[in-house]
Amino acid sequence: MSVRQDDLAEAARKPLRRAWVIRGSGRWLSSLAWGSALPVAFLLLWQWLGDQELISPLLFPTPLVILESFGWLWNTGMLAENFGASLYRMAAGFGLGGGLGLLLGLFVGLSRGMEKLLDSTVQMVRMVPHISVTFLFVLWFGIGDTSKIMLIAKGCFFPLYIYTFLGIRNTDRKLFEVTRVLAYSRFKQIVRLVLPASVPNIVVGVRLSLAVAWGSLVVAEMMGASSGLGFLMMDARAMSDTPTVFVGIALFTVLGVITDVIVLLVERRLLAWRDS
Amino acid sequence: MREQAHTLPSGTLTAQRRRVRTGSGGFGRHFLVAALLPAIILVVWQWAGSTGRVSPLLLPSPLAIGEAFVRLSLSGELFIQLWHSLVRASTGVFYGSLAALLLGGIVGLSRTVRKLVDPSLQLLRLTPSLATAPIIILWFGFGETSKIVIIGFGAFFPLYMSMVQSILGVDSKLTEVTRVLAFGRGKQLTRLVLPAALPGILSGLRLSIAYGWLGLVVAELLGSQSGIGYLMSHAQTNSQPEVIFVGVIIFAVMGKLIDLFVVTIERRLLRWRDSFTGN
Amino acid sequence: MSTSSSLLNIQGLDKSFQTEQQSVQALRQIELDVKEGEFVTVIGPSGCGKSTLLRIIAGLDTGYEGSVKLGGQPITGPGIDKGFIFQEPRLFPWLTVEKNIAADLSLRDKDVRRRVDELIELVKLKGFEQAYPKALSGGMAQRVAIARALLRNPRILLLDEPFGALDAFTRAHMQEVLLDIWERNGTTMILVTHDIDEAVFLGNRIIILKPRPGEIRGRVTVDLPYPRKKSSAGFQEFRYKVLNEFERIDELAFGEAGAGI
């Protein structure tokens with residue numbers, strides 16, 4: 001009877017934490033209030049300084065001006081057009097690079113022979129700082145969509161490759177022994193054990209890949225393009241249209257957050273079995 | 001091993017372990033197999049280049065790249081530009097990580113500051129640091145300052161994040177020990193928080209340097225009068241693709257060397273760790 | 001060991017934890033008096049609040065009712081007059097053995113240096129002064145923790161199942177080391193355990209707790225001379241005495257559970 005019982009102190013401390021979550025809405029509100037105090041104060045000060053013409057409107061357009069600029073970009077359809085171009089490159093690049101990374105990670109993870117043959121080459125290529133090949137890609141693929149998609153694909157490839165590989169190789173040895181004792185076939189071993197066990201790592205790889213993809217997209221579009229959010233920003237910079245640059249930064253932030261949240265939601269779904 | 005983003009050794013780790021087991025003969029064979037693919041690629045590449053099957057303007061042959069490397073080294077140009085890049089990168093990383101150490105330390109140690117400042121910084125963190133380059137150029141012009149700010153901004157967040165996380169992550173069991181032994185506030189900091197947070201801080205620093213290096217590449221490619229990036233954009237306008245290749249290789253090798261340097265320091269400082277026994 | 005004046009005095013101690021739905025009473029009406037130089041063992045099944053009792057004495061847990069006094073002074077918080085040994089050694093992994101013992105004190109202080117050397121001798125760790133915790137076995141690490149607590153010359157040493165994680169042989173050895181320290185230093189000790197042999201082997205006095213809520217169910221004074229032999233008839237007699245108390249607790253617990261259905 002007393003075996004199942006944890007030490008009382010321990011047991012009592014745990015529910016205490018859970019009680020916080022339940023009473024959490026109040027705490028959540030308070031932390032929201034604390035957390036937003038600084039940004040709100042900052043925005044107000046910014047607006048006020050701008051209105052008083054204490055800071056240069058050219059370098060620091062006020063939040064309201066930035067908002068207006070957003071409205072203008074939206075109404076003229078420029079935003080939708082460039083956003084669409086960026087999104088297309090992003091999706092194509094991520095699909096290509098991420099897909100290849102996942103596939104190759106699976107192959108190399110599952111086969112020692114493939115690892116010996118391929119892994120060090122891949123690791124060598126990985127050392128090349130991602131952005132530095134931009135010129136080469138422009139040289140090879142022109143300044144159209146292809147060079148951007150390839151750059152994004154290259155960026156997405158490595159995180160997914162590495163984490164897929166790691167996920168497969170870090171499969172719990174003890175569980176492996178269980179499948180051997182239960183006489184699983186090689187195929188079942190992979191489908192029932194290795195793949196589910198490597199999902200957590202693969203999800204990490206996807207998140208990193210997406211982050212890299214946004215970064216590469218910005219750079220690729222800034223270094224020569226005729227459409228896309230990055231182009232919009234660089235173009236605005238050249239014309240000293242600072243509000244538009246701010247709109248671009250804000251948009252990239254929002255997009256990054258949205259993709260991250262999507263991955264998190266998928267993760268929660270897929271990894272409901274996890275402890276933490 | 002924790003999830004430490006990009007700088008994960010992955011395959012090399014298992015390779016090392018196997019090397020120890022199989023001894024030098026096994027290592028030799030392993031090396032041969034591993035070098036097979038790059039060797040084939042190099043040979044085919046050179047063959048395609050020298051027989052004129054691939055335009056040297058698109059893909060200069062390995063030998064042409066090697067020649068360019070020798071030429072640039074002999075004229076001293078390579079080292080001058082590399083020096084410029086290194087000074088730039090280290091200045092940016094220095095300021096960025098100094099800010100991260102200070103701010104991260106304060107945010108980690110003070111609950112009030114954390115509640116006030118951390119959400120804002122977390123929001124700012126989600127901005128792709130490279131996307132802020134245009135506004136930084138607008139503010140600081142195309143000069144040296146804007147490059148250092150771009151690098152510093154990239155270097156700031158990884159270290160800030162791991163600084164806060166590792167201070168908050170100090171084992172509460174050890175904190176209890178310091179309470180029982182009635183440590184003063186200062187001793188608690190120097191004997192508990194700092195050493196406990198050190199592994200996290202170091203791996204944050206490693207990431208910071210990697211991001212700073214990436215920031216350098218972007219900053220120099222966006223427009224610069226000196227540095228390896230300048231060498232590359234200059235080569236692009238003059239149609240010298242072999243020099244672009246030299247630049248890419250230099251960026252890669254330097255990035256790797258700097259990373260190795262940090263890892264060596266890490267090993268030194270963390271001898272007490274379980275996972276760092278032996279080699 | 002002759003006992004004299006009262007060192008620790010606990011009267012009417014109540015402690016409860018707040019959980020989601022209700023408050024759980026961890027300790028109820030604990031009365032305990034420990035004399036200077038005594039070795040008291042507290043034994044009970046898991047969930048009886050014995051660790052909580054020890055943590056309250058150490059000043060780690062607060063928010064209780066009743067009075068807990070050390071040397072006539074109410075306990076307000078942790079302090080070096082109360083040494084505490086956790087179940088795990090909890091050494092600082094980045095400090096060597098001797099630095100772990102010194103902890104917040106400086107080894108450059110001559111007095112500290114001398115005392116640390118003495119304690120290393122006492123806990124039989126000569127030759128391991130410069131080792132990092134990762135190189136120590138569980139028993140050795142726990143001896144370092146004991147030395148660390150003793151360096152502060154605590155008036156009372158509180159041990160929370162200190163040997164619970166060790167294998168049987170190491171545990172027996174550690175019990176002897178602890179008795180040796182007690183006999184040499186005369187430090188008052190309270191040791192919490194769920195091992196009956198350990199309680200009888202070490203204690204002048206055994207306090208038996210029953211769970212839900214934690215209450216004192218029995219007190220057994222063990223007047224066997226040290227060193228005790230676990231195979232001796234006298235030892236077995238005390239063992240049975242404690243076991244009997246436990247059976248009474250079990251009957252009680254089942255009785256209550258039955259009544260509840």
# chains A, B, ... in the order shown; residues from 1 in each chain; ligands from 1
call {"tool": "interface_residues", "arguments": {"of": "chain A", "to": "chain B", "cutoff": "6 Å", "atoms": "only C-alpha atoms", "output": "list in words"}}
result
Trp34, Gly35, Lys116, Leu117, Met127, Val128, Pro129, Ser132, Gly215, Val218, Ile249 and Thr253 of chain A
call {"tool": "interface_residues", "arguments": {"of": "chain C", "to": "chain A", "cutoff": "8 Å", "atoms": "only C-alpha atoms", "output": "compact mmCIF listing (two decimals) with N, CA and C atoms, in the first residue's frame"}}
result
# COMPACT_ATOMS: atom_id res chain seq x y z
N PHE C 17 0.84 20.52 3.61
CA PHE C 17 1.11 21.03 2.27
C PHE C 17 -0.20 21.32 1.57
N GLN C 18 -0.19 22.40 0.81
CA GLN C 18 -1.37 22.77 0.05
C GLN C 18 -1.32 22.10 -1.32
N THR C 19 -2.34 21.32 -1.67
CA THR C 19 -2.39 20.78 -3.02
C THR C 19 -3.62 21.35 -3.72
N GLU C 20 -3.84 20.88 -4.93
CA GLU C 20 -4.94 21.40 -5.75
C GLU C 20 -6.26 21.45 -4.97
N VAL C 24 -2.87 18.62 2.60
CA VAL C 24 -2.47 17.31 3.11
C VAL C 24 -1.63 17.52 4.35
N ALA C 26 1.13 16.69 6.67
CA ALA C 26 2.36 15.90 6.60
C ALA C 26 2.80 15.46 7.98
N PRO C 45 7.76 4.29 7.16
CA PRO C 45 7.55 3.99 5.74
C PRO C 45 7.55 5.28 4.91
N SER C 46 7.66 5.14 3.59
CA SER C 46 7.67 6.36 2.78
C SER C 46 6.32 7.06 2.90
N GLY C 47 6.37 8.36 2.87
CA GLY C 47 5.16 9.13 3.00
C GLY C 47 4.80 9.47 4.44
N CYS C 48 5.72 9.17 5.38
CA CYS C 48 5.39 9.43 6.78
C CYS C 48 5.86 10.81 7.20
N GLY C 49 6.50 11.55 6.28
CA GLY C 49 6.90 12.91 6.62
C GLY C 49 8.22 13.00 7.36
N SER C 51 11.27 13.01 6.14
CA SER C 51 12.16 13.98 5.50
C SER C 51 11.71 15.39 5.79
N THR C 52 10.40 15.60 5.80
CA THR C 52 9.87 16.93 6.10
C THR C 52 10.29 17.37 7.49
call {"tool": "interface_residues", "arguments": {"of": "chain B", "to": "chain C", "cutoff": "12 Å", "atoms": "only C-alpha atoms", "output": "PyMOL selection string"}}
result
chain B and resi 170-199+269-277
call {"tool": "residues_around", "arguments": {"residues": "Asp167 of chain C", "least_positions_apart": "5", "cutoff": "10 Å", "atoms": "only C-alpha atoms", "output": "mmCIF file with C-alpha atoms, in the first residue's frame"}}
result
data_model
loop_
_atom_site.group_PDB
_atom_site.id
_atom_site.type_symbol
_atom_site.label_atom_id
_atom_site.label_comp_id
_atom_site.auth_asym_id
_atom_site.auth_seq_id
_atom_site.Cartn_x
_atom_site.Cartn_y
_atom_site.Cartn_z
ATOM 1 C CA GLY C 138 28.952 6.787 -4.248
ATOM 2 C CA GLY C 139 30.275 5.981 -0.774
ATOM 3 C CA ALA C 172 27.501 -1.222 6.261
#
call {"tool": "atom_distance", "arguments": {"atom1": "atom CA of Thr62 of chain C", "atom2": "atom CA of Phe39 of chain C"}}
result
24.3 Å
call {"tool": "residues_around", "arguments": {"residues": "Gly101 of chain A", "least_positions_apart": "5", "cutoff": "7 Å", "atoms": "only C-alpha atoms", "output": "PDB file with N, CA and C atoms, in the first residue's frame"}}
result
ATOM      1  N   PHE A 157      18.933  22.020 -46.056  1.00  0.00           N
ATOM      2  CA  PHE A 157      19.393  20.641 -46.156  1.00  0.00           C
ATOM      3  C   PHE A 157      20.095  20.179 -44.870  1.00  0.00           C
ATOM      4  N   PHE A 158      21.054  20.981 -44.403  1.00  0.00           N
ATOM      5  CA  PHE A 158      21.938  20.478 -43.343  1.00  0.00           C
ATOM      6  C   PHE A 158      21.265  20.235 -41.999  1.00  0.00           C
ATOM      7  N   LEU A 160      18.239  19.429 -41.314  1.00  0.00           N
ATOM      8  CA  LEU A 160      17.400  18.235 -41.380  1.00  0.00           C
ATOM      9  C   LEU A 160      18.235  16.973 -41.538  1.00  0.00           C
ATOM     10  N   TYR A 161      19.266  17.054 -42.356  1.00  0.00           N
ATOM     11  CA  TYR A 161      20.154  15.903 -42.536  1.00  0.00           C
ATOM     12  C   TYR A 161      20.750  15.495 -41.188  1.00  0.00           C
TER      13      TYR A 161
END
call {"tool": "residues_around", "arguments": {"residues": "segment 207-214 of chain A", "least_positions_apart": "3", "cutoff": "7 Å", "atoms": "only C-alpha atoms", "output": "list in words"}}
result
Met90, Phe94, Ile152, Gly155, Cys156, Pro159, Leu160, Val203, Val204, Leu217, Val218, Gly256, Asp260 and Val263 of chain A
call {"tool": "residues_around", "arguments": {"residues": "Glu36 of chain C", "least_positions_apart": "2", "cutoff": "10 Å", "atoms": "only C-alpha atoms", "output": "list in words"}}
result
Ser2, Thr3, Ser4, Ser5, Ser6, Leu7, Leu8, Asp33, Val34, Glu38, Phe39, Gly71, Arg155, Ile156, Gly186, Thr187, Thr188 and Met189 of chain C
call {"tool": "write_last_selection", "arguments": {"atoms": "C-alpha atoms", "output": "PDB file, in the first residue's frame"}}
result
ATOM      1  CA  SER C   2      26.615  10.337  28.572  1.00  0.00           C
ATOM      2  CA  THR C   3      23.814  12.704  27.746  1.00  0.00           C
ATOM      3  CA  SER C   4      23.239  16.007  29.422  1.00  0.00           C
ATOM      4  CA  SER C   5      21.150  19.054  28.586  1.00  0.00           C
ATOM      5  CA  SER C   6      18.455  19.316  25.922  1.00  0.00           C
ATOM      6  CA  LEU C   7      19.679  20.623  22.541  1.00  0.00           C
ATOM      7  CA  LEU C   8      16.716  20.304  20.223  1.00  0.00           C
ATOM      8  CA  ASP C  33      13.460  16.318  22.687  1.00  0.00           C
ATOM      9  CA  VAL C  34      17.036  15.551  21.656  1.00  0.00           C
ATOM     10  CA  GLU C  38      22.568  11.911  21.331  1.00  0.00           C
ATOM     11  CA  PHE C  39      22.218   9.796  18.200  1.00  0.00           C
ATOM     12  CA  GLY C  71      19.569  25.500  21.995  1.00  0.00           C
ATOM     13  CA  ARG C 155      25.725  21.657  16.833  1.00  0.00           C
ATOM     14  CA  ILE C 156      23.558  19.021  15.225  1.00  0.00           C
ATOM     15  CA  GLY C 186      30.376  13.743  19.956  1.00  0.00           C
ATOM     16  CA  THR C 187      28.240  15.627  17.433  1.00  0.00           C
ATOM     17  CA  THR C 188      24.514  15.272  18.033  1.00  0.00           C
ATOM     18  CA  MET C 189      22.950  13.399  15.136  1.00  0.00           C
TER      19      MET C 189
END
call {"tool": "residues_around", "arguments": {"residues": "Ile56 of chain C", "least_positions_apart": "6", "cutoff": "12 Å", "atoms": "only C-alpha atoms", "output": "ChimeraX atom specification"}}
result
/A:9 /B:180 /C:10,13-16,26-27,30,49-50,62-70,74-78,82,84,158,160
call {"tool": "atom_distance", "arguments": {"atom1": "atom CA of Phe83 of chain A", "atom2": "atom CA of Val219 of chain A"}}
result
15.1 Å
call {"tool": "select_by_dssp", "arguments": {"residues": "segment 35-257 of chain B", "states": "alpha helix (DSSP H)", "output": "PyMOL selection string"}}
result
chain B and resi 35-50+62-74+77-109+111-125+133-140+144-168+172-180+185-187+194-221+228-237+241-257
call {"tool": "select_by_dssp", "arguments": {"residues": "segment 44-181 of chain C", "states": "strand (DSSP E or B)", "output": "VMD selection string"}}
result
chain C and resid 65 to 70 73 to 74 82 to 85 156 to 160
call {"tool": "write_last_selection", "arguments": {"atoms": "C-alpha atoms", "output": "PDB file, in the first residue's frame"}}
result
ATOM      1  CA  GLU C  65       2.772  25.427  13.481  1.00  0.00           C
ATOM      2  CA  GLY C  66       4.233  24.666  16.881  1.00  0.00           C
ATOM      3  CA  SER C  67       7.672  25.381  18.220  1.00  0.00           C
ATOM      4  CA  VAL C  68      11.040  24.072  17.022  1.00  0.00           C
ATOM      5  CA  LYS C  69      13.986  25.296  19.079  1.00  0.00           C
ATOM      6  CA  LEU C  70      17.696  24.594  18.819  1.00  0.00           C
ATOM      7  CA  GLN C  73      16.411  29.602  20.062  1.00  0.00           C
ATOM      8  CA  PRO C  74      13.606  29.205  17.496  1.00  0.00           C
ATOM      9  CA  LYS C  82      22.781  22.706  11.544  1.00  0.00           C
ATOM     10  CA  GLY C  83      24.658  20.321   9.262  1.00  0.00           C
ATOM     11  CA  PHE C  84      22.592  18.541   6.615  1.00  0.00           C
ATOM     12  CA  ILE C  85      23.414  15.431   4.592  1.00  0.00           C
ATOM     13  CA  ILE C 156      23.558  19.021  15.225  1.00  0.00           C
ATOM     14  CA  LEU C 157      24.037  16.856  12.136  1.00  0.00           C
ATOM     15  CA  LEU C 158      20.875  15.969  10.208  1.00  0.00           C
ATOM     16  CA  LEU C 159      21.114  13.011   7.833  1.00  0.00           C
ATOM     17  CA  ASP C 160      18.296  12.362   5.365  1.00  0.00           C
TER      18      ASP C 160
END
